[in-house]
$ cat entry_9.pdb   # PDB, C-alpha atoms and all ligand atoms
ATOM      1  CA  MET A   1     -10.111 -25.048  -8.699
ATOM      2  CA  ILE A   2      -7.234 -22.575  -8.810
ATOM      3  CA  MET A   3      -8.439 -19.060  -9.545
ATOM      4  CA  ILE A   4      -6.122 -17.089 -11.807
ATOM      5  CA  ASP A   5      -6.650 -13.332 -11.640
ATOM      6  CA  ASP A   6      -4.235 -12.211 -14.312
ATOM      7  CA  ILE A   7      -1.092 -12.876 -16.277
ATOM      8  CA  ALA A   8       2.030 -11.714 -14.435
ATOM      9  CA  TYR A   9       5.191 -11.976 -16.506
ATOM     10  CA  VAL A  10       7.475 -13.913 -18.768
ATOM     11  CA  ARG A  11      10.967 -14.829 -17.574
ATOM     12  CA  SER A  12      13.319 -15.432 -20.430
ATOM     13  CA  GLY A  13      16.918 -16.582 -20.322
ATOM     14  CA  THR A  14      19.369 -14.797 -22.566
ATOM     15  CA  ALA A  15      22.949 -15.454 -23.515
ATOM     16  CA  ASP A  16      23.257 -11.815 -24.597
ATOM     17  CA  LEU A  17      21.474  -9.582 -22.101
ATOM     18  CA  GLU A  18      22.399  -6.296 -23.751
ATOM     19  CA  THR A  19      21.034  -7.286 -27.165
ATOM     20  CA  ALA A  20      17.828  -8.661 -25.633
ATOM     21  CA  VAL A  21      17.245  -5.465 -23.643
ATOM     22  CA  ARG A  22      18.083  -3.151 -26.536
ATOM     23  CA  PHE A  23      15.517  -4.919 -28.724
ATOM     24  CA  ALA A  24      12.852  -4.890 -25.990
ATOM     25  CA  VAL A  25      13.358  -1.160 -25.406
ATOM     26  CA  ASP A  26      14.290   0.293 -28.791
ATOM     27  CA  VAL A  27      12.153  -1.942 -30.987
ATOM     28  CA  VAL A  28       9.286  -3.289 -28.873
ATOM     29  CA  GLY A  29       9.116  -0.044 -26.890
ATOM     30  CA  LEU A  30       9.196  -1.347 -23.304
ATOM     31  CA  GLU A  31      10.746   0.561 -20.391
ATOM     32  CA  GLU A  32      13.738  -0.927 -18.632
ATOM     33  CA  ILE A  33      12.722  -0.284 -15.052
ATOM     34  CA  ALA A  34      15.578  -2.010 -13.255
ATOM     35  CA  ARG A  35      18.680  -4.074 -13.682
ATOM     36  CA  GLU A  36      20.014  -6.237 -10.924
ATOM     37  CA  GLY A  37      23.003  -8.424 -11.385
ATOM     38  CA  GLY A  38      22.303 -10.415 -14.507
ATOM     39  CA  THR A  39      18.575  -9.646 -14.649
ATOM     40  CA  ALA A  40      16.876  -6.827 -16.557
ATOM     41  CA  TYR A  41      13.246  -5.941 -15.844
ATOM     42  CA  LEU A  42      11.013  -4.558 -18.580
ATOM     43  CA  ARG A  43       7.782  -2.716 -17.954
ATOM     44  CA  ALA A  44       4.714  -2.116 -20.138
ATOM     45  CA  ASP A  45       1.931  -1.170 -17.728
ATOM     46  CA  HIS A  46       1.044  -1.158 -14.002
ATOM     47  CA  ARG A  47       3.061  -4.320 -13.389
ATOM     48  CA  HIS A  48       6.570  -3.703 -12.057
ATOM     49  CA  HIS A  49       7.651  -5.796 -15.014
ATOM     50  CA  CYS A  50       6.028  -8.137 -17.462
ATOM     51  CA  LEU A  51       9.302  -9.401 -18.889
ATOM     52  CA  ALA A  52      12.487 -10.297 -17.065
ATOM     53  CA  PHE A  53      15.616 -11.218 -18.978
ATOM     54  CA  VAL A  54      17.903 -13.436 -16.957
ATOM     55  CA  GLU A  55      21.480 -13.838 -18.127
ATOM     56  CA  GLY A  56      22.313 -17.485 -18.827
ATOM     57  CA  ALA A  57      21.099 -20.146 -21.236
ATOM     58  CA  ALA A  58      18.817 -18.729 -23.946
ATOM     59  CA  GLY A  59      15.202 -19.861 -23.763
ATOM     60  CA  VAL A  60      12.063 -19.255 -21.814
ATOM     61  CA  LEU A  61      12.364 -19.864 -18.072
ATOM     62  CA  ALA A  62       8.779 -19.416 -16.897
ATOM     63  CA  SER A  63       5.377 -17.897 -17.570
ATOM     64  CA  GLY A  64       3.775 -16.272 -14.532
ATOM     65  CA  PHE A  65       0.146 -15.899 -13.485
ATOM     66  CA  VAL A  66      -1.327 -13.888 -10.622
ATOM     67  CA  VAL A  67      -3.515 -15.432  -7.955
ATOM     68  CA  ARG A  68      -5.230 -13.496  -5.179
ATOM     69  CA  ASP A  69      -3.177 -14.310  -2.081
ATOM     70  CA  GLU A  70      -1.112 -16.804  -0.080
ATOM     71  CA  ALA A  71      -4.193 -18.893   0.724
ATOM     72  CA  VAL A  72      -4.858 -19.461  -2.967
ATOM     73  CA  LEU A  73      -1.192 -20.381  -3.458
ATOM     74  CA  ALA A  74      -1.329 -22.894  -0.604
ATOM     75  CA  ALA A  75      -4.485 -24.485  -2.005
ATOM     76  CA  ALA A  76      -2.943 -24.501  -5.481
ATOM     77  CA  GLU A  77       0.070 -26.405  -4.190
ATOM     78  CA  ILE A  78      -2.186 -29.179  -2.862
ATOM     79  CA  GLU A  79      -4.322 -29.316  -5.976
ATOM     80  CA  LEU A  80      -1.347 -29.416  -8.351
ATOM     81  CA  GLU A  81       0.369 -32.151  -6.354
ATOM     82  CA  HIS A  82      -2.828 -34.196  -6.468
ATOM     83  CA  ALA A  83      -2.789 -33.665 -10.219
ATOM     84  CA  GLY A  84       0.680 -35.214 -10.335
ATOM     85  CA  CYS A  85       2.680 -32.004 -10.775
ATOM     86  CA  ARG A  86       5.832 -31.531  -8.764
ATOM     87  CA  VAL A  87       5.450 -28.150  -7.088
ATOM     88  CA  GLU A  88       8.368 -26.049  -5.895
ATOM     89  CA  ARG A  89       7.551 -23.366  -3.365
ATOM     90  CA  GLY A  90       9.401 -20.122  -3.875
ATOM     91  CA  ASP A  91      11.685 -18.721  -1.198
ATOM     92  CA  ALA A  92      12.055 -15.139  -0.012
ATOM     93  CA  ASP A  93      15.011 -14.490  -2.275
ATOM     94  CA  GLY A  94      13.168 -15.772  -5.342
ATOM     95  CA  ALA A  95      10.082 -13.729  -4.439
ATOM     96  CA  ARG A  96      12.108 -10.557  -4.049
ATOM     97  CA  HIS A  97      13.780 -11.238  -7.368
ATOM     98  CA  ARG A  98      10.354 -11.616  -9.021
ATOM     99  CA  ARG A  99       8.885  -8.580  -7.217
ATOM    100  CA  VAL A 100       6.115 -10.684  -5.697
ATOM    101  CA  SER A 101       5.171 -11.536  -2.095
ATOM    102  CA  ASP A 102       5.143 -15.269  -2.669
ATOM    103  CA  TYR A 103       5.100 -17.777  -5.499
ATOM    104  CA  LEU A 104       5.294 -21.394  -6.519
ATOM    105  CA  ALA A 105       6.525 -23.085  -9.670
ATOM    106  CA  PHE A 106       5.507 -26.246 -11.480
ATOM    107  CA  ASP A 107       5.834 -27.798 -14.915
ATOM    108  CA  ASP A 108       2.663 -28.388 -16.888
ATOM    109  CA  PRO A 109       2.399 -31.988 -18.160
ATOM    110  CA  TRP A 110       4.310 -31.000 -21.331
ATOM    111  CA  GLY A 111       7.213 -29.308 -19.603
ATOM    112  CA  ASN A 112       6.228 -25.648 -19.700
ATOM    113  CA  ARG A 113       7.434 -23.979 -16.517
ATOM    114  CA  ILE A 114       4.543 -22.104 -14.921
ATOM    115  CA  GLU A 115       4.754 -19.832 -11.875
ATOM    116  CA  LEU A 116       1.820 -18.732  -9.752
ATOM    117  CA  VAL A 117       2.455 -15.527  -7.836
ATOM    118  CA  CYS A 118       0.651 -13.289  -5.403
ATOM    119  CA  GLY A 119       1.379  -9.706  -4.455
ATOM    120  CA  GLN A 120       3.004  -8.703  -7.733
ATOM    121  CA  THR A 121       4.489  -5.246  -7.225
ATOM    122  CA  GLN A 122       2.708  -2.505  -9.098
ATOM    123  CA  VAL A 123       4.217   0.736 -10.332
ATOM    124  CA  HIS A 124       1.858   3.537 -11.235
ATOM    125  CA  ARG A 125       4.133   6.332 -12.357
ATOM    126  CA  PRO A 126       3.905   7.182 -16.049
ATOM    127  CA  LEU A 127       5.710   4.840 -18.430
ATOM    128  CA  ARG A 128       8.890   5.948 -20.164
ATOM    129  CA  PHE A 129       8.468   3.892 -23.302
ATOM    130  CA  GLY A 130      11.572   3.134 -25.299
ATOM    131  CA  ARG A 131       9.641   3.674 -28.527
ATOM    132  CA  ALA A 132       6.196   5.157 -29.140
ATOM    133  CA  ALA A 133       4.568   1.884 -30.149
ATOM    134  CA  GLY A 134       1.279   2.735 -28.437
ATOM    135  CA  ILE A 135       1.538  -0.106 -25.906
ATOM    136  CA  VAL A 136      -1.237  -0.078 -23.325
ATOM    137  CA  GLU A 137      -0.732  -3.413 -21.605
ATOM    138  CA  PHE A 138       0.774  -6.880 -21.496
ATOM    139  CA  GLY A 139      -2.073  -8.666 -23.272
ATOM    140  CA  HIS A 140      -1.543 -12.422 -23.289
ATOM    141  CA  LEU A 141       0.951 -15.216 -23.525
ATOM    142  CA  CYS A 142       1.017 -18.397 -25.514
ATOM    143  CA  VAL A 143       2.804 -21.654 -24.774
ATOM    144  CA  ASP A 144       3.225 -24.797 -26.861
ATOM    145  CA  ALA A 145       2.032 -28.327 -26.226
ATOM    146  CA  PRO A 146       1.855 -31.346 -28.552
ATOM    147  CA  ASP A 147      -1.906 -31.802 -28.053
ATOM    148  CA  VAL A 148      -3.959 -28.658 -27.499
ATOM    149  CA  ARG A 149      -7.071 -30.664 -26.492
ATOM    150  CA  GLU A 150      -5.132 -32.350 -23.694
ATOM    151  CA  ALA A 151      -3.645 -29.002 -22.724
ATOM    152  CA  TYR A 152      -7.120 -27.518 -22.422
ATOM    153  CA  ALA A 153      -8.252 -30.539 -20.401
ATOM    154  CA  PHE A 154      -5.420 -29.837 -17.937
ATOM    155  CA  TRP A 155      -5.971 -26.089 -17.676
ATOM    156  CA  SER A 156      -9.752 -26.344 -17.406
ATOM    157  CA  ALA A 157      -9.644 -29.162 -14.843
ATOM    158  CA  HIS A 158      -7.496 -27.260 -12.379
ATOM    159  CA  PHE A 159      -7.918 -23.573 -13.186
ATOM    160  CA  ASN A 160     -10.748 -21.136 -13.867
ATOM    161  CA  ILE A 161      -9.940 -21.442 -17.547
ATOM    162  CA  THR A 162     -12.588 -21.647 -20.267
ATOM    163  CA  ILE A 163     -12.155 -22.253 -23.962
ATOM    164  CA  SER A 164     -13.094 -19.294 -26.149
ATOM    165  CA  ASP A 165     -12.324 -20.750 -29.572
ATOM    166  CA  TRP A 166     -10.460 -23.633 -31.174
ATOM    167  CA  ILE A 167      -8.321 -23.406 -34.262
ATOM    168  CA  GLY A 168      -8.790 -27.078 -35.040
ATOM    169  CA  ASP A 169      -6.087 -29.042 -33.269
ATOM    170  CA  ALA A 170      -3.611 -26.223 -33.835
ATOM    171  CA  ALA A 171      -4.590 -23.822 -31.053
ATOM    172  CA  ALA A 172      -6.751 -23.433 -27.962
ATOM    173  CA  LEU A 173      -7.609 -19.812 -27.133
ATOM    174  CA  MET A 174      -8.594 -19.576 -23.487
ATOM    175  CA  ARG A 175      -9.875 -17.016 -21.035
ATOM    176  CA  PHE A 176     -10.207 -16.482 -17.310
ATOM    177  CA  ASP A 177     -11.720 -13.012 -17.527
ATOM    178  CA  PRO A 178     -13.740 -11.251 -20.252
ATOM    179  CA  VAL A 179     -10.771 -10.859 -22.601
ATOM    180  CA  HIS A 180     -11.143 -13.428 -25.414
ATOM    181  CA  HIS A 181      -7.793 -15.004 -24.539
ATOM    182  CA  LYS A 182      -5.015 -14.232 -22.127
ATOM    183  CA  LEU A 183      -3.621 -17.754 -22.342
ATOM    184  CA  ALA A 184      -3.302 -19.690 -25.564
ATOM    185  CA  VAL A 185      -1.766 -23.071 -26.266
ATOM    186  CA  PHE A 186      -0.443 -23.740 -29.760
ATOM    187  CA  LYS A 187       0.469 -27.140 -31.078
ATOM    188  CA  GLY A 188       4.210 -27.590 -30.896
ATOM    189  CA  VAL A 189       6.573 -30.491 -30.486
ATOM    190  CA  ARG A 190       8.609 -29.017 -27.628
ATOM    191  CA  PRO A 191       7.594 -26.954 -24.625
ATOM    192  CA  GLY A 192       8.231 -23.250 -24.955
ATOM    193  CA  LEU A 193       6.827 -19.785 -25.289
ATOM    194  CA  CYS A 194       5.189 -19.241 -28.652
ATOM    195  CA  HIS A 195       4.819 -15.495 -28.124
ATOM    196  CA  MET A 196       4.015 -12.734 -25.699
ATOM    197  CA  ASN A 197       1.477 -10.097 -26.667
ATOM    198  CA  PHE A 198       1.175  -6.383 -26.080
ATOM    199  CA  GLN A 199      -2.071  -4.561 -26.678
ATOM    200  CA  VAL A 200      -1.683  -1.228 -28.434
ATOM    201  CA  GLU A 201      -3.942   1.774 -28.447
ATOM    202  CA  SER A 202      -5.168   1.774 -32.033
ATOM    203  CA  ILE A 203      -5.069   0.023 -35.371
ATOM    204  CA  ASP A 204      -2.775   2.830 -36.500
ATOM    205  CA  ASP A 205      -0.184   1.725 -33.936
ATOM    206  CA  VAL A 206      -0.166  -1.795 -35.383
ATOM    207  CA  MET A 207       0.179  -0.571 -38.951
ATOM    208  CA  ARG A 208       2.743   2.099 -38.089
ATOM    209  CA  SER A 209       4.858  -0.430 -36.195
ATOM    210  CA  TRP A 210       4.721  -2.741 -39.194
ATOM    211  CA  HIS A 211       6.482  -0.142 -41.345
ATOM    212  CA  VAL A 212       8.835   0.953 -38.565
ATOM    213  CA  LEU A 213       9.900  -2.628 -37.847
ATOM    214  CA  GLU A 214      10.404  -3.399 -41.523
ATOM    215  CA  ARG A 215      12.633  -0.356 -41.863
ATOM    216  CA  MET A 216      14.584  -1.539 -38.813
ATOM    217  CA  GLY A 217      15.104  -4.909 -40.513
ATOM    218  CA  VAL A 218      13.092  -6.817 -37.924
ATOM    219  CA  GLU A 219      11.744 -10.186 -39.054
ATOM    220  CA  ILE A 220       7.955  -9.979 -39.329
ATOM    221  CA  GLU A 221       6.621 -13.467 -38.660
ATOM    222  CA  MET A 222       2.970 -12.846 -39.442
ATOM    223  CA  GLY A 223       0.718  -9.915 -40.217
ATOM    224  CA  PRO A 224      -0.496  -7.372 -40.257
ATOM    225  CA  GLY A 225      -3.724  -9.314 -40.234
ATOM    226  CA  ARG A 226      -6.909  -9.781 -38.272
ATOM    227  CA  HIS A 227      -7.703 -12.851 -36.202
ATOM    228  CA  PRO A 228     -11.319 -13.897 -36.854
ATOM    229  CA  GLN A 229     -11.524 -15.470 -33.371
ATOM    230  CA  SER A 230     -10.585 -12.492 -31.207
ATOM    231  CA  THR A 231     -11.170  -9.835 -33.926
ATOM    232  CA  ALA A 232      -7.729  -8.477 -32.987
ATOM    233  CA  VAL A 233      -5.544  -6.850 -35.622
ATOM    234  CA  PHE A 234      -2.129  -8.419 -35.153
ATOM    235  CA  LEU A 235       1.552  -8.201 -35.996
ATOM    236  CA  TYR A 236       4.027 -10.875 -34.887
ATOM    237  CA  PHE A 237       7.748 -10.247 -35.027
ATOM    238  CA  LYS A 238      10.861 -12.009 -33.894
ATOM    239  CA  GLY A 239      13.305 -10.704 -31.322
ATOM    240  CA  PRO A 240      16.761 -11.947 -30.366
ATOM    241  CA  GLU A 241      17.147 -15.599 -29.448
ATOM    242  CA  GLY A 242      13.815 -16.472 -31.019
ATOM    243  CA  LEU A 243      11.537 -14.594 -28.633
ATOM    244  CA  THR A 244       8.398 -13.671 -30.581
ATOM    245  CA  TYR A 245       6.492 -10.543 -29.661
ATOM    246  CA  GLU A 246       3.018  -9.601 -30.852
ATOM    247  CA  TYR A 247       1.236  -6.276 -30.991
ATOM    248  CA  SER A 248      -2.498  -6.353 -31.269
ATOM    249  CA  TRP A 249      -5.461  -4.084 -31.077
ATOM    250  CA  GLY A 250      -9.205  -4.644 -30.835
ATOM    251  CA  VAL A 251      -9.448  -7.910 -28.906
ATOM    252  CA  ARG A 252     -12.971  -9.194 -28.368
ATOM    253  CA  ARG A 253     -14.452  -9.357 -24.882
ATOM    254  CA  ILE A 254     -16.809 -12.103 -23.788
ATOM    255  CA  GLU A 255     -18.893 -10.872 -20.890
ATOM    256  CA  PRO A 256     -19.867 -13.383 -18.185
ATOM    257  CA  ASP A 257     -23.588 -13.117 -18.978
ATOM    258  CA  GLU A 258     -22.992 -13.810 -22.664
ATOM    259  CA  ASP A 259     -24.086 -17.209 -23.928
ATOM    260  CA  TRP A 260     -20.780 -17.771 -25.708
ATOM    261  CA  ARG A 261     -20.265 -21.037 -27.570
ATOM    262  CA  PRO A 262     -16.670 -21.855 -28.458
ATOM    263  CA  ARG A 263     -16.235 -22.095 -32.190
ATOM    264  CA  THR A 264     -13.970 -24.256 -34.289
ATOM    265  CA  PHE A 265     -11.918 -22.879 -37.155
ATOM    266  CA  ASP A 266     -10.151 -25.114 -39.632
ATOM    267  CA  PRO A 267      -6.512 -24.025 -39.971
ATOM    268  CA  ALA A 268      -6.546 -25.366 -43.549
ATOM    269  CA  GLU A 269      -8.996 -22.630 -44.551
ATOM    270  CA  PRO A 270      -7.159 -19.607 -45.977
ATOM    271  CA  ASP A 271      -8.760 -17.126 -43.591
ATOM    272  CA  ALA A 272      -8.902 -19.225 -40.407
ATOM    273  CA  ILE A 273      -5.985 -17.383 -38.803
ATOM    274  CA  ASP A 274      -6.228 -14.123 -40.706
ATOM    275  CA  LEU A 275      -9.585 -12.731 -41.778
ATOM    276  CA  TRP A 276      -7.709 -10.725 -44.404
ATOM    277  CA  ALA A 277      -6.324 -13.998 -45.810
ATOM    278  CA  GLY A 278      -2.713 -12.889 -45.639
ATOM    279  CA  PRO A 279       0.126 -15.416 -45.494
ATOM    280  CA  THR A 280       0.129 -17.204 -42.157
ATOM    281  CA  GLN A 281       2.632 -19.321 -40.307
ATOM    282  CA  LYS A 282       2.966 -20.368 -36.727
ATOM    283  CA  PRO A 283       5.138 -17.857 -34.868
ATOM    284  CA  SER A 284       8.442 -19.427 -33.876
ATOM    285  CA  THR A 285       8.782 -20.756 -30.354
ATOM    286  CA  GLN A 286      11.392 -19.863 -27.788
ATOM    287  CA  PHE A 287      11.994 -23.283 -26.291
ATOM    288  CA  GLN A 288      11.852 -23.991 -22.594
ATOM    289  CA  VAL A 289      15.216 -23.985 -20.850
ATOM    290  CA  ALA A 290      15.828 -27.425 -19.355
ATOM    291  CA  ALA A 291      15.129 -27.621 -15.635
ATOM    292  CA  THR A 292      18.750 -28.378 -14.797
ATOM    293  CA  GLN A 293      19.949 -25.231 -16.535
ATOM    294  CA  ALA A 294      17.036 -23.144 -15.252
ATOM    295  CA  ARG A 295      17.732 -23.989 -11.640
ATOM    296  CA  THR A 296      20.813 -21.816 -11.609
ATOM    297  CA  ALA A 297      18.828 -18.907 -13.112
ATOM    298  CA  ARG A 298      17.028 -17.750 -10.004
TER     299      ARG A 298
HETATM  300 FE    FE A 301      -1.362 -13.825 -29.702
END

$ encode --input "entry_9.pdb" --output "C-alpha cells" --more "lines below"
Ligand SMILES: [Fe+2]
Amino acid sequence: MIMIDDIAYVRSGTADLETAVRFAVDVVGLEEIAREGGTAYLRADHRHHCLAFVEGAAGVLASGFVVRDEAVLAAAEIELEHAGCRVERGDADGARHRRVSDYLAFDDPWGNRIELVCGQTQVHRPLRFGRAAGIVEFGHLCVDAPDVREAYAFWSAHFNITISDWIGDAAALMRFDPVHHKLAVFKGVRPGLCHMNFQVESIDDVMRSWHVLERMGVEIEMGPGRHPQSTAVFLYFKGPEGLTYEYSWGVRRIEPDEDWRPRTFDPAEPDAIDLWAGPTQKPSTQFQVAATQARTAR
C-alpha cells in the first residue's frame, strides 16, 4: 500500500508560455515564483509551486503526489511494477527541476502520467498573489479515465485512497486525508487533466471572481454552484490551451472516526452536480501529452 500524504503539483505543457503564465497570474491569481529556461513555476501556498508550465507541446504532462520519503518511493516502485506499471525513476536533474528530493513517474492504466515525489520544497514567505482571488491552497486535482469504477479499483488497491462519493459512473471522488476529495476521476475517453482546484477563503471570493472573470471575458465552464457531495461552492473556468481551473470554498471534511458511507448520485438528476440546479457540464479536459513528446519536456 503506497501512502500518499498530499497532492504536489500539476505539470502542464504549453506552446505559448507567456499567455499561460499571464492567465495564471492575472486571472487565476497565482504568484510566478520562478522561471528557468522554458519552465515557469506558479505558487499558491506553502508549496514552492503547484503548477509548472513547461514550454513545448500543449497538454498535461503529469500530476504529482507527495509521499513521505525515499523509502516510500522505493517501496512504491516495487508495488507499481508488480501491478504492471512501467516505473521511471527520476534523476537528480529532474528532481531539481521539480523542486523535490526524489521522484518517480508512471502511467496509470489509462495513460495519465502520475509522479510520486518526496521532499517537495516549501516556501513560507507571504504570497504575492497576481490577483486578490482569495486563494488559500491548491485543493485537488482531477484526471479522466474511461471507467471510473476501474480507476477507483486501481487507486484503492495500491494507494491509501478511499471513495467518498460516486456520481454514478461519471465521477469517483476520493480522499486520502479528511478532505472530501483531493483526487477525483471523471469519465473521459482520453487521459488528461479535467481540472485543478484552488480553495478560496470565502463564498464571497467565489462569487466575486465569477463577476470579475466574466468581465475579463473568461469562459465560465460551470457555476457558480454548490456540489452536494463535498458541499463546496464552485466555479470552473477555462484557461489557455484548455486548462480548466476551479475555485471552491466550503469543502466537507470526513474525519477518520466518522462512519462515512459513500453515496451514489445520479448524474441524470438535475441537482446531482449542483445543489442549486444550475446548468452543468463536464469541465473540458486538457489531454495528456503523448509519452514521446513528453520525454523531451523534462
Ligand atoms: Fe473539482

$ resolve_selection --input "entry_9.pdb" --expression "the PyMOL selection byres (((chain A and resi 38-48) around 7) and not hetatm)" --output "PyMOL selection string"
chain A and resi 30-37+49-55+121-124+135-138

$ resolve_selection --input "entry_9.pdb" --expression "the PyMOL selection byres (((chain A and resi 247-252) around 6) and not hetatm)" --output "VMD selection string"
chain A and resid 180 197 to 200 202 to 203 230 to 235 246 253

$ residues_around --input "entry_9.pdb" --residues "Ala83 (chain A)" --least-positions-apart "3" --cutoff "10 Å" --atoms "all atoms listed in the file" --output "MDAnalysis selection string"
chainID A and resid 77:80 86 109 154 157:158

$ residues_around --input "entry_9.pdb" --residues "Leu183 (chain A)" --least-positions-apart "6" --cutoff "6 Å" --atoms "only C-alpha atoms" --output "number ranges by chain"
A: 140-142, 174

$ write_last_selection --input "entry_9.pdb" --atoms "C-alpha atoms" --output "short mmCIF file (atom, residue, chain, number, x, y, z; two decimals), keeping the file's coordinate frame"
data_model
loop_
_atom_site.label_atom_id
_atom_site.label_comp_id
_atom_site.auth_asym_id
_atom_site.auth_seq_id
_atom_site.Cartn_x
_atom_site.Cartn_y
_atom_site.Cartn_z
CA HIS A 140 -1.54 -12.42 -23.29
CA LEU A 141 0.95 -15.22 -23.52
CA CYS A 142 1.02 -18.40 -25.51
CA MET A 174 -8.59 -19.58 -23.49
#

$ closest_residue --input "entry_9.pdb" --among "A:Ala24, A:Leu193, A:Ala145, A:Ala105" --to "ligand FE 301 (chain A)" --atoms "only C-alpha atoms and all ligand atoms"
A:Leu193

$ atom_distance --input "entry_9.pdb" --atom1 "CA of Trp166 (chain A)" --atom2 "CA of Pro270 (chain A)"
15.7 Å

$ resolve_selection --input "entry_9.pdb" --expression "the PyMOL selection byres (((chain A and resi 275) around 6) and not hetatm)" --output "list of chain:residue names"
A:Arg226, A:His227, A:Pro228, A:Asp271, A:Asp274, A:Trp276, A:Ala277

$ closest_residue --input "entry_9.pdb" --among "A:Gly188, A:Gly225, A:Gly119, A:Pro262" --to "Asp169 (chain A)" --atoms "only C-alpha atoms"
A:Gly188

$ atom_distance --input "entry_9.pdb" --atom1 "CA of Ala184 (chain A)" --atom2 "CA of Asp144 (chain A)"
8.4 Å

$ atom_distance --input "entry_9.pdb" --atom1 "CA of Phe159 (chain A)" --atom2 "CA of Ala95 (chain A)"
22.3 Å

$ residues_near_point --input "entry_9.pdb" --point "(11.8, -12.2, -26.6)" --cutoff "10 Å" --atoms "all atoms listed in the file" --output "PyMOL selection string"
chain A and resi 10-14+20-21+23-24+28+51-53+58-60+193-196+237-245+285-286

$ residues_around --input "entry_9.pdb" --residues "Phe65 (chain A)" --least-positions-apart "6" --cutoff "10 Å" --atoms "all atoms listed in the file" --output "list in words"
Met3, Ile4, Asp5, Asp6, Ile7, Ala8, Tyr9, Val10, Tyr103, Ile114, Glu115, Leu116, Val117, Cys118, Gln120 and Leu183 of chain A

$ closest_residue --input "entry_9.pdb" --among "A:Ile163, A:Ser209, A:Asp93, A:Arg149" --to "Arg263 (chain A)" --atoms "only C-alpha atoms"
A:Ile163

$ residues_around --input "entry_9.pdb" --residues "region 257-259 of chain A" --least-positions-apart "2" --cutoff "12 Å" --atoms "all atoms listed in the file" --output "MDAnalysis selection string"
chainID A and resid 164 177:178 253:255 261:262

$ write_last_selection --input "entry_9.pdb" --atoms "C-alpha atoms" --output "PDB file, keeping the file's coordinate frame"
ATOM      1  CA  SER A 164     -13.094 -19.294 -26.149  1.00  0.00           C
ATOM      2  CA  ASP A 177     -11.720 -13.012 -17.527  1.00  0.00           C
ATOM      3  CA  PRO A 178     -13.740 -11.251 -20.252  1.00  0.00           C
ATOM      4  CA  ARG A 253     -14.452  -9.357 -24.882  1.00  0.00           C
ATOM      5  CA  ILE A 254     -16.809 -12.103 -23.788  1.00  0.00           C
ATOM      6  CA  GLU A 255     -18.893 -10.872 -20.890  1.00  0.00           C
ATOM      7  CA  ARG A 261     -20.265 -21.037 -27.570  1.00  0.00           C
ATOM      8  CA  PRO A 262     -16.670 -21.855 -28.458  1.00  0.00           C
TER       9      PRO A 262
END

$ closest_residue --input "entry_9.pdb" --among "A:Leu73, A:Met1, A:Glu81, A:Ser284" --to "Gly192 (chain A)" --atoms "only C-alpha atoms"
A:Ser284

$ closest_residue --input "entry_9.pdb" --among "A:Arg113, A:Lys282, A:Ala268, A:Asp204" --to "ligand FE 301 (chain A)" --atoms "all atoms listed in the file"
A:Lys282

$ closest_residue --input "entry_9.pdb" --among "A:Leu104, A:Gly64, A:Asp165, A:Gln281" --to "Gly90 (chain A)" --atoms "all atoms listed in the file"
A:Leu104

$ residues_around --input "entry_9.pdb" --residues "Val185 (chain A)" --least-positions-apart "6" --cutoff "8 Å" --atoms "all atoms listed in the file" --output "MDAnalysis selection string"
chainID A and resid 142:145 148 151:152 171:173

$ axis_aligned_box --input "entry_9.pdb" --around "region 189-192 of chain A" --padding-each-side "3 Å" --output "AutoDock Vina command-line options"
--center_x 7.6 --center_y -26.9 --center_z -27.6 --size_x 8.0 --size_y 13.2 --size_z 11.9

$ residues_near_point --input "entry_9.pdb" --point "(5.4, -34.1, -28.5)" --cutoff "10 Å" --atoms "all atoms listed in the file" --output "compact mmCIF listing (two decimals) with C-alpha atoms, keeping the file's coordinate frame"
# COMPACT_ATOMS: atom_id res chain seq x y z
CA TRP A 110 4.31 -31.00 -21.33
CA ASP A 144 3.22 -24.80 -26.86
CA ALA A 145 2.03 -28.33 -26.23
CA PRO A 146 1.86 -31.35 -28.55
CA ASP A 147 -1.91 -31.80 -28.05
CA LYS A 187 0.47 -27.14 -31.08
CA GLY A 188 4.21 -27.59 -30.90
CA VAL A 189 6.57 -30.49 -30.49
CA ARG A 190 8.61 -29.02 -27.63
CA PRO A 191 7.59 -26.95 -24.62
